[in-house]
file coords.txt (compact mmCIF, C-alpha atoms)
# COMPACT_ATOMS: atom_id res chain seq x y z
CA MET A 1 -38.61 -87.94 165.56
CA PHE A 2 -38.12 -84.29 166.44
CA ASP A 3 -34.75 -82.67 166.07
CA LEU A 4 -34.32 -78.95 166.44
CA PRO A 5 -33.04 -77.70 163.05
CA THR A 6 -30.70 -75.10 164.53
CA THR A 7 -28.79 -75.96 167.65
CA ASN A 8 -26.27 -73.12 167.64
CA ILE A 9 -28.55 -70.67 169.45
CA GLY A 10 -30.82 -72.57 171.80
CA GLY A 11 -28.89 -75.84 171.92
CA PRO A 12 -30.32 -79.30 171.18
CA GLU A 13 -33.82 -80.10 172.36
CA LEU A 14 -34.06 -81.75 175.77
CA PHE A 15 -37.75 -82.59 175.91
CA VAL A 16 -40.57 -82.54 173.39
CA LEU A 17 -44.29 -82.53 174.11
CA GLU A 18 -46.53 -83.06 171.12
CA PHE A 19 -50.09 -81.69 170.94
CA GLY A 20 -51.13 -82.57 167.42
CA ASP A 21 -49.07 -80.28 165.20
CA ILE A 22 -48.26 -77.89 168.04
CA VAL A 23 -45.06 -79.16 169.59
CA ALA A 24 -43.78 -77.59 172.81
CA TYR A 25 -40.13 -78.20 173.63
CA PHE A 26 -37.27 -77.41 175.97
CA SER A 27 -33.79 -76.52 174.81
CA PRO A 28 -31.08 -75.68 177.36
CA TYR A 29 -31.75 -72.00 176.65
CA THR A 30 -35.53 -72.07 177.05
CA ALA A 31 -35.29 -74.51 179.95
CA ALA A 32 -33.08 -72.01 181.81
CA LEU A 33 -35.59 -69.22 181.10
CA PHE A 34 -38.43 -71.52 182.17
CA VAL A 35 -36.78 -72.33 185.49
CA PHE A 36 -36.14 -68.63 186.07
CA ALA A 37 -39.80 -67.78 185.43
CA LEU A 38 -40.90 -70.72 187.60
CA ILE A 39 -38.82 -69.50 190.54
CA PHE A 40 -40.39 -66.05 190.38
CA THR A 41 -43.89 -67.45 189.99
CA VAL A 42 -43.37 -69.56 193.12
CA LEU A 43 -42.03 -66.47 194.88
CA ALA A 44 -45.17 -64.56 193.92
CA ILE A 45 -47.29 -67.41 195.30
CA VAL A 46 -45.55 -67.84 198.65
CA SER A 47 -44.23 -64.38 199.48
CA ARG A 48 -45.90 -61.93 201.79
CA PRO A 49 -46.47 -58.47 200.31
CA GLU A 50 -44.45 -55.53 201.52
CA ARG A 51 -45.90 -52.70 203.56
CA GLN A 52 -44.81 -49.31 202.36
CA VAL A 53 -43.71 -46.60 204.76
CA ASP A 54 -43.53 -42.95 203.76
CA PHE A 55 -41.09 -40.74 205.62
CA ALA A 56 -41.94 -37.09 206.05
CA PHE A 57 -39.05 -35.12 204.65
CA GLY A 58 -37.08 -33.06 207.14
CA GLY A 59 -38.44 -34.70 210.26
CA ASP A 60 -38.52 -38.06 211.94
CA ALA A 61 -42.23 -38.61 211.27
CA TYR A 62 -43.42 -41.44 209.07
CA TYR A 63 -46.73 -42.96 208.14
CA THR A 64 -47.58 -46.43 206.89
CA LYS A 65 -49.76 -46.90 203.85
CA GLU A 66 -52.93 -48.90 204.23
CA VAL A 67 -53.38 -51.45 201.45
CA GLU A 68 -56.72 -53.13 201.01
CA ALA A 69 -56.60 -56.90 201.25
CA ASN A 70 -58.77 -57.51 198.19
CA LEU A 71 -56.59 -55.31 196.00
CA LEU A 72 -53.52 -57.23 197.15
CA ARG A 73 -55.28 -60.50 196.43
CA PHE A 74 -56.12 -59.30 192.92
CA GLN A 75 -52.56 -58.18 192.37
CA ARG A 76 -51.20 -61.54 193.51
CA PHE A 77 -53.58 -63.35 191.19
CA MET A 78 -52.46 -61.18 188.29
CA ALA A 79 -48.79 -61.76 189.17
CA ILE A 80 -49.31 -65.54 189.19
CA ALA A 81 -51.21 -65.36 185.90
CA CYS A 82 -48.37 -63.28 184.47
CA GLY A 83 -45.89 -65.93 185.61
CA LEU A 84 -47.91 -68.70 183.98
CA ALA A 85 -48.17 -66.73 180.72
CA THR A 86 -44.41 -66.24 180.78
CA LEU A 87 -43.91 -69.98 181.35
CA GLY A 88 -46.11 -70.66 178.34
CA ALA A 89 -44.20 -68.22 176.17
CA MET A 90 -40.94 -69.95 177.11
CA VAL A 91 -41.95 -73.49 176.11
CA THR A 92 -44.20 -72.94 173.11
CA GLY A 93 -43.13 -74.18 169.69
CA ASP A 94 -45.59 -72.14 167.67
CA VAL A 95 -45.21 -68.51 166.67
CA PHE A 96 -48.88 -67.61 167.01
CA ASN A 97 -49.10 -69.20 170.46
CA PHE A 98 -46.06 -67.17 171.41
CA THR A 99 -47.78 -63.95 170.35
CA LEU A 100 -50.88 -64.93 172.31
CA PHE A 101 -48.81 -65.58 175.44
CA ALA A 102 -47.03 -62.25 174.91
CA SER A 103 -50.31 -60.36 174.77
CA LEU A 104 -51.51 -62.27 177.84
CA VAL A 105 -48.41 -60.99 179.62
CA GLY A 106 -49.37 -57.49 178.51
CA ILE A 107 -52.91 -57.80 179.88
CA THR A 108 -51.75 -59.20 183.23
CA ASN A 109 -49.13 -56.45 183.50
CA ILE A 110 -51.90 -53.86 183.17
CA GLY A 111 -53.78 -55.77 185.87
CA ILE A 112 -50.81 -55.81 188.25
CA VAL A 113 -50.30 -52.09 187.89
CA ALA A 114 -53.95 -51.09 187.85
CA ALA A 115 -54.69 -52.68 191.23
CA TYR A 116 -53.67 -49.49 192.94
CA ARG A 117 -55.85 -46.46 193.46
CA ASN A 118 -53.22 -43.80 192.96
CA ARG A 119 -53.97 -41.33 190.19
CA HIS A 120 -50.42 -41.21 188.84
CA VAL A 121 -50.07 -44.98 188.80
CA LEU A 122 -53.46 -45.37 187.11
CA ASN A 123 -52.48 -42.78 184.54
CA ALA A 124 -49.26 -44.70 183.81
CA ALA A 125 -51.24 -47.94 183.57
CA PHE A 126 -53.60 -46.29 181.11
CA GLN A 127 -50.78 -45.11 178.84
CA TYR A 128 -49.24 -48.57 179.03
CA GLY A 129 -52.60 -50.07 178.10
CA ILE A 130 -52.81 -47.89 175.00
CA VAL A 131 -49.34 -49.04 173.93
CA VAL A 132 -50.24 -52.69 174.62
CA MET A 133 -53.32 -52.41 172.44
CA LEU A 134 -51.38 -50.75 169.64
CA ALA A 135 -48.64 -53.37 169.89
CA THR A 136 -51.07 -56.13 168.97
CA VAL A 137 -50.98 -54.74 165.42
CA PRO A 138 -47.28 -55.52 164.78
CA LEU A 139 -47.42 -58.62 167.00
CA PHE A 140 -50.28 -60.43 165.27
CA GLY A 141 -49.32 -58.73 162.01
CA GLY A 142 -45.84 -60.24 162.25
CA ALA A 143 -47.28 -63.70 162.89
CA ALA A 144 -49.72 -63.25 159.99
CA ILE A 145 -46.93 -62.21 157.60
CA VAL A 146 -44.87 -65.23 158.72
CA LEU A 147 -47.87 -67.43 157.94
CA ALA A 148 -48.54 -65.73 154.61
CA SER A 149 -44.95 -65.88 153.38
CA THR A 150 -43.94 -69.35 154.61
CA GLY A 151 -47.24 -71.18 155.00
CA THR A 152 -46.48 -72.39 158.51
CA LEU A 153 -46.30 -71.10 162.06
CA SER A 154 -44.46 -74.04 163.60
CA MET A 155 -40.98 -73.15 164.84
CA TRP A 156 -39.87 -76.67 163.85
CA GLU A 157 -40.44 -75.70 160.21
CA LEU A 158 -39.41 -72.06 160.47
CA PHE A 159 -36.05 -72.82 162.05
CA THR A 160 -34.93 -74.92 159.07
CA GLY A 161 -32.73 -73.30 156.46
CA ALA A 162 -35.18 -74.12 153.68
CA VAL A 163 -37.75 -71.61 154.94
CA ALA A 164 -36.90 -67.92 154.60
CA VAL A 165 -38.82 -65.56 156.86
CA PRO A 166 -38.88 -61.95 155.59
CA LEU A 167 -36.94 -59.45 157.68
CA PHE A 168 -40.08 -57.30 157.82
CA ALA A 169 -41.99 -60.02 159.70
CA LYS A 170 -39.14 -60.47 162.19
CA ALA A 171 -39.03 -56.71 162.82
CA PHE A 172 -42.79 -56.66 163.36
CA LEU A 173 -42.53 -59.53 165.83
CA VAL A 174 -39.81 -57.84 167.89
CA LEU A 175 -41.66 -54.52 167.79
CA GLY A 176 -44.85 -56.19 168.97
CA VAL A 177 -43.15 -57.94 171.88
CA MET A 178 -41.47 -54.67 172.85
CA GLY A 179 -44.86 -52.98 173.00
CA GLU A 180 -46.63 -55.81 174.78
CA GLY A 181 -44.20 -56.94 177.39
CA MET A 182 -41.60 -54.24 177.66
CA ALA A 183 -43.58 -51.01 177.82
CA PRO A 184 -42.77 -50.37 181.49
CA PHE A 185 -39.16 -49.79 180.58
CA TYR A 186 -39.83 -46.69 178.58
CA ILE A 187 -43.20 -45.37 179.68
CA ALA A 188 -44.14 -46.03 183.16
CA LYS A 189 -41.32 -47.60 185.08
CA ALA A 190 -40.92 -44.80 187.58
CA GLU A 191 -44.64 -44.62 188.17
CA ILE A 192 -45.09 -48.37 188.28
CA THR A 193 -42.39 -48.93 190.85
CA ARG A 194 -44.17 -46.38 193.00
CA ALA A 195 -47.03 -48.90 193.28
CA GLN A 196 -47.06 -51.11 196.33
CA GLY A 197 -46.58 -54.87 196.49
CA ALA A 198 -42.89 -55.56 195.91
CA PRO A 199 -42.93 -59.22 194.79
CA PHE A 200 -45.84 -58.63 192.45
CA VAL A 201 -44.55 -55.55 190.68
CA LEU A 202 -41.31 -57.46 190.22
CA MET A 203 -43.18 -59.88 187.94
CA VAL A 204 -43.67 -57.06 185.41
CA HIS A 205 -39.91 -56.78 185.00
CA VAL A 206 -39.21 -60.53 185.07
CA SER A 207 -41.77 -61.23 182.36
CA SER A 208 -40.53 -58.46 180.10
CA LEU A 209 -36.92 -59.60 180.43
CA LEU A 210 -37.75 -63.24 179.68
CA LEU A 211 -40.09 -62.38 176.79
CA PHE A 212 -37.41 -60.29 175.16
CA LEU A 213 -34.77 -63.01 175.52
CA ARG A 214 -37.15 -65.53 174.01
CA VAL A 215 -38.22 -63.40 171.04
CA ILE A 216 -34.59 -62.65 170.23
CA GLU A 217 -33.88 -66.41 170.21
CA ILE A 218 -36.87 -67.03 167.93
CA VAL A 219 -35.96 -64.24 165.52
CA LEU A 220 -32.30 -65.29 165.32
CA SER A 221 -33.24 -68.92 164.72
CA MET A 222 -35.74 -68.14 161.97
CA MET B 1 -54.84 -64.47 145.76
CA GLU B 2 -51.74 -63.16 143.94
CA ILE B 3 -53.40 -59.80 143.31
CA ALA B 4 -55.53 -59.62 146.43
CA TYR B 5 -52.74 -59.97 148.98
CA PRO B 6 -50.53 -57.04 147.81
CA VAL B 7 -53.58 -54.84 147.31
CA GLY B 8 -54.76 -55.75 150.80
CA LEU B 9 -51.31 -54.91 152.19
CA VAL B 10 -51.44 -51.49 150.53
CA VAL B 11 -54.88 -50.83 152.02
CA PHE B 12 -53.57 -52.02 155.39
CA ALA B 13 -50.60 -49.65 155.18
CA ALA B 14 -52.84 -46.71 154.29
CA ALA B 15 -55.22 -47.55 157.12
CA ILE B 16 -52.44 -47.89 159.65
CA ILE B 17 -50.94 -44.54 158.62
CA ILE B 18 -54.34 -42.86 158.99
CA GLY B 19 -55.01 -44.60 162.32
CA PHE B 20 -51.65 -43.76 163.89
CA THR B 21 -51.76 -40.17 162.66
CA ALA B 22 -55.16 -39.80 164.28
CA LEU B 23 -53.78 -41.29 167.50
CA VAL B 24 -50.88 -38.85 167.57
CA ARG B 25 -53.19 -35.87 167.05
CA GLU B 26 -55.88 -36.97 169.47
CA LYS B 27 -55.52 -35.72 173.05
CA ASP B 28 -58.76 -36.88 174.66
CA ASP B 29 -58.23 -40.18 176.54
CA LEU B 30 -61.62 -41.69 175.73
CA HIS B 31 -61.18 -40.99 172.04
CA ARG B 32 -57.74 -42.55 172.17
CA ILE B 33 -59.22 -45.78 173.54
CA LEU B 34 -61.65 -45.87 170.63
CA LEU B 35 -58.90 -45.16 168.11
CA THR B 36 -56.67 -47.92 169.52
CA ASP B 37 -59.57 -50.30 169.14
CA LEU B 38 -59.83 -49.27 165.49
CA ALA B 39 -56.09 -49.82 165.06
CA GLU B 40 -56.41 -53.23 166.68
CA ILE B 41 -58.91 -54.33 164.04
CA LEU B 42 -56.09 -53.83 161.52
CA ALA B 43 -54.17 -56.71 163.10
CA LEU B 44 -57.19 -58.91 162.40
CA VAL B 45 -57.29 -57.55 158.84
CA LEU B 46 -53.68 -58.61 158.36
CA ILE B 47 -54.49 -62.12 159.62
CA ALA B 48 -57.62 -62.28 157.48
CA LEU B 49 -55.62 -61.37 154.37
CA VAL B 50 -53.88 -64.76 154.57
CA ALA B 51 -57.29 -66.24 153.71
CA THR B 52 -56.79 -69.85 154.73
CA ASP B 53 -58.61 -72.06 157.22
CA LEU B 54 -55.72 -71.63 159.65
CA ALA B 55 -55.98 -67.84 159.44
CA GLU B 56 -59.70 -68.11 160.13
CA ALA B 57 -58.92 -70.09 163.26
CA LEU B 58 -56.34 -67.48 164.33
CA ILE B 59 -58.75 -64.54 164.09
CA LEU B 60 -60.81 -65.66 167.05
CA PRO B 61 -57.99 -65.68 169.65
CA GLY B 62 -56.77 -62.38 168.22
CA LEU B 63 -60.22 -60.90 168.65
CA VAL B 64 -60.58 -62.27 172.18
CA VAL B 65 -57.21 -60.86 173.21
CA GLY B 66 -58.13 -57.50 171.70
CA ILE B 67 -61.47 -57.34 173.49
CA SER B 68 -59.95 -58.32 176.83
CA GLU B 69 -57.28 -55.65 176.45
CA LEU B 70 -59.97 -53.12 175.57
CA MET B 71 -61.96 -54.10 178.68
CA ALA B 72 -58.88 -53.90 180.91
CA VAL B 73 -57.92 -50.45 179.60
CA SER B 74 -61.52 -49.27 179.92
CA GLU B 75 -61.61 -50.41 183.54
CA VAL B 76 -58.38 -48.50 184.18
CA TYR B 77 -59.93 -45.47 182.50
CA ILE B 78 -63.05 -45.70 184.68
CA ALA B 79 -60.92 -45.97 187.82
CA LYS B 80 -58.61 -43.19 186.66
CA GLU B 81 -61.41 -40.73 185.97
CA GLY B 82 -63.36 -41.73 189.06
CA LEU B 83 -66.48 -42.48 187.02
CA ARG B 84 -69.45 -44.11 188.75
CA ALA B 85 -72.29 -46.19 187.45
CA PRO B 86 -75.35 -44.03 186.81
CA GLN B 87 -77.86 -44.23 189.63
CA GLU B 88 -80.88 -44.57 187.35
CA PRO B 89 -81.05 -46.19 183.94
CA PRO B 90 -80.23 -43.72 181.17
CA PHE B 91 -83.42 -44.44 179.27
CA ARG B 92 -86.63 -46.27 179.95
CA ILE B 93 -89.19 -47.19 177.35
CA GLU B 94 -92.31 -49.26 177.62
CA VAL B 95 -91.00 -52.27 175.69
CA MET B 96 -88.26 -52.71 178.29
CA ASP B 97 -90.86 -53.53 180.91
CA SER B 98 -93.04 -55.87 178.92
CA ALA B 99 -90.76 -57.64 176.45
CA PRO B 100 -87.56 -58.92 178.14
CA GLY B 101 -88.87 -62.27 179.36
CA ILE B 102 -90.40 -63.54 176.14
CA LEU B 103 -87.78 -61.96 173.84
CA ALA B 104 -84.87 -63.32 175.85
CA LEU B 105 -86.52 -66.74 175.91
CA ILE B 106 -86.95 -66.77 172.13
CA LEU B 107 -83.38 -65.63 171.48
CA VAL B 108 -81.86 -68.10 173.93
CA ALA B 109 -83.94 -70.97 172.55
CA TYR B 110 -83.00 -70.09 168.97
CA GLY B 111 -79.36 -69.84 170.02
CA ILE B 112 -79.50 -73.34 171.50
CA VAL B 113 -80.93 -74.63 168.23
CA LEU B 114 -78.09 -73.01 166.28
CA SER B 115 -75.43 -74.14 168.83
CA GLY B 116 -71.71 -73.36 168.54
CA PHE B 117 -70.33 -69.83 168.26
CA THR B 118 -73.25 -68.34 166.34
CA GLY B 119 -75.76 -69.79 168.76
CA GLY B 120 -73.75 -68.49 171.69
CA VAL B 121 -73.83 -64.98 170.27
CA ILE B 122 -77.61 -65.11 169.58
CA ALA B 123 -78.31 -66.48 173.05
CA ALA B 124 -76.01 -63.84 174.55
CA VAL B 125 -77.96 -61.07 172.87
CA GLY B 126 -81.05 -62.39 174.64
CA ALA B 127 -79.22 -62.51 177.96
CA VAL B 128 -77.78 -59.00 177.50
CA PHE B 129 -81.22 -57.65 176.65
CA TYR B 130 -82.69 -59.31 179.72
CA PHE B 131 -80.01 -57.92 182.05
CA MET B 132 -80.27 -54.49 180.44
CA CYS B 133 -83.98 -54.31 181.14
CA ARG B 134 -84.26 -56.13 184.44
CA GLY B 135 -81.06 -54.98 186.13
CA HIS B 136 -78.04 -57.08 186.99
CA ILE B 137 -77.03 -57.27 190.60
CA GLU B 138 -75.51 -60.60 191.58
CA GLN B 139 -75.96 -62.96 188.68
CA PHE B 140 -72.38 -62.43 187.59
CA GLU B 141 -70.70 -64.87 189.90
CA LEU B 142 -73.06 -67.62 188.81
CA ILE B 143 -72.45 -66.76 185.15
CA GLU B 144 -68.70 -66.76 185.63
CA THR B 145 -68.82 -70.15 187.36
CA VAL B 146 -70.95 -71.67 184.60
CA SER B 147 -68.64 -70.19 181.99
CA GLY B 148 -65.62 -71.70 183.72
CA TYR B 149 -67.15 -75.18 183.81
CA ALA B 150 -68.23 -74.85 180.16
CA TRP B 151 -64.67 -73.93 179.23
CA ALA B 152 -63.35 -76.99 181.07
CA PHE B 153 -65.80 -79.19 179.15
CA TRP B 154 -64.66 -77.60 175.90
CA ILE B 155 -61.02 -78.36 176.66
CA GLY B 156 -62.00 -81.88 177.76
CA ALA B 157 -63.67 -82.40 174.39
CA PHE B 158 -60.40 -81.47 172.69
CA PHE B 159 -58.58 -84.06 174.77
CA ILE B 160 -61.07 -86.62 173.49
CA PHE B 161 -60.25 -85.50 169.94
CA MET B 162 -56.56 -85.96 170.62
CA PHE B 163 -56.45 -89.17 172.60
CA LEU B 164 -59.67 -91.01 171.70
CA PRO B 165 -60.38 -89.98 168.10
CA GLY B 166 -62.90 -92.79 167.74
CA TYR B 167 -65.34 -90.97 169.99
CA TRP B 168 -65.28 -87.82 167.88
CA PHE B 169 -69.05 -87.44 167.67
CA PHE B 170 -69.37 -87.45 171.45
CA ALA B 171 -66.60 -84.82 171.64
CA VAL B 172 -68.27 -82.67 168.98
CA MET B 173 -71.49 -82.64 170.96
CA ILE B 174 -69.67 -81.72 174.19
CA ALA B 175 -67.63 -79.00 172.48
CA GLY B 176 -70.64 -77.55 170.66
CA GLY B 177 -72.74 -77.35 173.81
CA ALA B 178 -69.91 -76.02 175.96
CA ILE B 179 -68.87 -73.33 173.50
CA LEU B 180 -72.50 -72.24 173.27
CA ILE B 181 -72.66 -71.73 177.02
CA LYS B 182 -69.22 -70.17 177.22
CA VAL B 183 -69.72 -67.63 174.43
CA MET B 184 -73.13 -66.77 175.81
CA ALA B 185 -71.78 -66.22 179.31
CA LYS B 186 -68.83 -64.16 178.13
CA MET B 187 -70.89 -62.03 175.77
CA SER B 188 -73.51 -61.29 178.39
CA LEU B 189 -70.77 -59.87 180.62
CA VAL B 190 -69.80 -57.37 177.92
CA GLY B 191 -71.37 -54.00 178.52
CA THR B 192 -73.00 -54.89 181.79
CA MET B 193 -69.79 -55.05 183.81
CA ARG B 194 -69.33 -52.00 185.98
CA GLY B 195 -66.63 -52.95 188.44
CA GLY B 196 -69.13 -53.91 191.11
CA GLY B 197 -67.78 -52.10 194.14
CA PRO B 198 -68.89 -48.63 195.22
CA ASP B 199 -65.32 -47.37 194.80
CA VAL B 200 -65.25 -47.76 191.03
call {"tool": "encode", "arguments": {"input": "coords.txt", "output": "structure tokens"}}
result
Amino acid sequence: MFDLPTTNIGGPELFVLEFGDIVAYFSPYTAALFVFALIFTVLAIVSRPERQVDFAFGGDAYYTKEVEANLLRFQRFMAIACGLATLGAMVTGDVFNFTLFASLVGITNIGIVAAYRNRHVLNAAFQYGIVVMLATVPLFGGAAIVLASTGTLSMWELFTGAVAVPLFAKAFLVLGVMGEGMAPFYIAKAEITRAQGAPFVLMVHVSSLLLFLRVIEIVLSM
Amino acid sequence: MEIAYPVGLVVFAAAIIIGFTALVREKDDLHRILLTDLAEILALVLIALVATDLAEALILPGLVVGISELMAVSEVYIAKEGLRAPQEPPFRIEVMDSAPGILALILVAYGIVLSGFTGGVIAAVGAVFYFMCRGHIEQFELIETVSGYAWAFWIGAFFIFMFLPGYWFFAVMIAGGAILIKVMAKMSLVGTMRGGGPDV
């Protein structure tokens, strides 16, 4: 019943799950991304957090940083939620659902970073939060323009050759995802990686990488 | 529709230019939060311009995402600036001592009569007023738990719609009641949440 209209980018569909008119699917491409996200989510669940050690420069002294258990627990929860949002963004077959998952990734990224009481890290998280909030304008705006110009949000319709999505909407969508998921790369990466909790901070980077790969696939297929 | 959409787009473009210019010029962090919230409304404007039933359904998740981002950034701001909850209430007037019980009761009861989203908001106003006047120490965990169960019921009702369409009336009643409780619980958290711990 369901055949992916374009198979030259994501490959043919492997599995289709139908919720009314919202149809989630796996293609070889998205399945690979899904497995990648799943591995890192499982890592965030099972791994033990790192303990940071600061060396005093010029001597052999060092001191270990105390990390509160409840902050770590919060950070782990946010990392797992971020992994689940990434999984959702990989499988969804609906543009608006994709934008919602992308903004969920943005919120959880703020949460991962903000669970640390260092002034510089909090400042970086704040700037990132401002960008995330601004990025919802092009993100939802892109989805709204897609809906207004084509009358549908389903990727099954949008990927067919009969439906032409304006370049403007595609640009908005990519811009929005860059703001939501990828802000650490240009704003706060140095400050964020200063935050403790190695496996959890890693999730920020994994989610932004996967989101970008997915949005590029969507935009090329449309 | 043919005229309204381009005109709306022009207004949107003007608004977004004004908003982003203001953001670039503004240096105060608190004001920047408020300006980003204004800019975020523009995304909803763009969705609303589509003016179909589907667009109407898309506004709500957009709004929820926007509010949750605003709350997350505000919490970061509070932690960043080291702000603390005020020790004593900022203002105290006589009606806040005598009215909360009866007023909250009326609002919540009227909200239950309305049911659905609107009822949830009305009932939430009653709950917010009550908490504002009577203090809010440890009701939050209970509210969050109730909200979680109500959400699960809401989703369950949608599964009934999908898999057992014949029982739609039953599902409508479950969904209406659950969304009432969920919206009320969520709304009553807005504005009263202050981190909780002494370190925030």
call {"tool": "residues_around", "arguments": {"input": "coords.txt", "residues": "Thr92 (chain A)", "least_positions_apart": "3", "cutoff": "8 Å", "atoms": "all atoms listed in the file", "output": "list in words"}}
result
Val23, Ala24, Tyr25, Gly88, Ala89, Val95, Asn97 and Phe98 of chain A
call {"tool": "interface_residues", "arguments": {"input": "coords.txt", "of": "chain A", "to": "chain B", "cutoff": "10 Å", "atoms": "only C-alpha atoms", "output": "ChimeraX atom specification"}}
result
/A:19-20,96-97,99-101,103-104,106-108,110-111,113-149,151-153
call {"tool": "closest_residue", "arguments": {"input": "coords.txt", "among": "A:Ala69, A:Val219, A:Ala85, A:Ile80", "to": "Phe159 (chain A)", "atoms": "all atoms listed in the file"}}
result
A:Val219
call {"tool": "atom_distance", "arguments": {"input": "coords.txt", "atom1": "CA of Ala99 (chain B)", "atom2": "CA of Val121 (chain B)"}}
result
19.5 Å
call {"tool": "residues_around", "arguments": {"input": "coords.txt", "residues": "Leu38 (chain A)", "least_positions_apart": "4", "cutoff": "8 Å", "atoms": "all atoms listed in the file", "output": "PDB file with C-alpha atoms, in the coordinates of the input"}}
result
ATOM      1  CA  PHE A  34     -38.430 -71.520 182.170  1.00  0.00           C
ATOM      2  CA  VAL A  42     -43.370 -69.560 193.120  1.00  0.00           C
ATOM      3  CA  GLY A  83     -45.890 -65.930 185.610  1.00  0.00           C
ATOM      4  CA  LEU A  87     -43.910 -69.980 181.350  1.00  0.00           C
TER       5      LEU A  87
END
call {"tool": "atom_distance", "arguments": {"input": "coords.txt", "atom1": "CA of Ala32 (chain A)", "atom2": "CA of Leu210 (chain A)"}}
result
10.2 Å
call {"tool": "atom_distance", "arguments": {"input": "coords.txt", "atom1": "CA of Val108 (chain B)", "atom2": "CA of Gly126 (chain B)"}}
result
5.8 Å
call {"tool": "residues_around", "arguments": {"input": "coords.txt", "residues": "Lys182 (chain B)", "least_positions_apart": "6", "cutoff": "8 Å", "atoms": "only C-alpha atoms", "output": "list in words"}}
result
Gly120, Val146, Ser147, Gly148, Ala150 and Trp151 of chain B
call {"tool": "closest_residue", "arguments": {"input": "coords.txt", "among": "A:Ile39, A:Ala164, A:Ala102, A:Ala171", "to": "Leu211 (chain A)", "atoms": "all atoms listed in the file"}}
result
A:Ala102
call {"tool": "build_atoms", "arguments": {"input": "coords.txt", "residues": "region 67-79 of chain A", "atoms": "N, CA and C atoms", "output": "short mmCIF file (atom, residue, chain, number, x, y, z; two decimals), keeping the file's coordinate frame"}}
result
data_model
loop_
_atom_site.label_atom_id
_atom_site.label_comp_id
_atom_site.auth_asym_id
_atom_site.auth_seq_id
_atom_site.Cartn_x
_atom_site.Cartn_y
_atom_site.Cartn_z
N VAL A 67 -53.09 -50.80 202.72
CA VAL A 67 -53.38 -51.45 201.45
C VAL A 67 -54.53 -52.41 201.66
N GLU A 68 -55.56 -52.26 200.84
CA GLU A 68 -56.72 -53.13 201.01
C GLU A 68 -56.37 -54.56 200.66
N ALA A 69 -56.93 -55.49 201.44
CA ALA A 69 -56.60 -56.90 201.25
C ALA A 69 -57.08 -57.41 199.90
N ASN A 70 -58.26 -56.95 199.45
CA ASN A 70 -58.77 -57.51 198.19
C ASN A 70 -57.98 -57.01 196.98
N LEU A 71 -57.45 -55.78 197.08
CA LEU A 71 -56.59 -55.31 196.00
C LEU A 71 -55.30 -56.12 195.93
N LEU A 72 -54.74 -56.42 197.11
CA LEU A 72 -53.52 -57.23 197.15
C LEU A 72 -53.78 -58.61 196.58
N ARG A 73 -54.95 -59.17 196.92
CA ARG A 73 -55.28 -60.50 196.43
C ARG A 73 -55.37 -60.49 194.90
N PHE A 74 -56.00 -59.43 194.38
CA PHE A 74 -56.12 -59.30 192.92
C PHE A 74 -54.75 -59.18 192.28
N GLN A 75 -53.88 -58.38 192.92
CA GLN A 75 -52.56 -58.18 192.37
C GLN A 75 -51.76 -59.48 192.37
N ARG A 76 -51.92 -60.27 193.45
CA ARG A 76 -51.20 -61.54 193.51
C ARG A 76 -51.70 -62.49 192.43
N PHE A 77 -53.03 -62.51 192.25
CA PHE A 77 -53.58 -63.35 191.19
C PHE A 77 -53.02 -62.97 189.83
N MET A 78 -52.97 -61.64 189.58
CA MET A 78 -52.46 -61.18 188.29
C MET A 78 -50.98 -61.53 188.14
N ALA A 79 -50.22 -61.43 189.25
CA ALA A 79 -48.79 -61.76 189.17
C ALA A 79 -48.61 -63.24 188.84
#
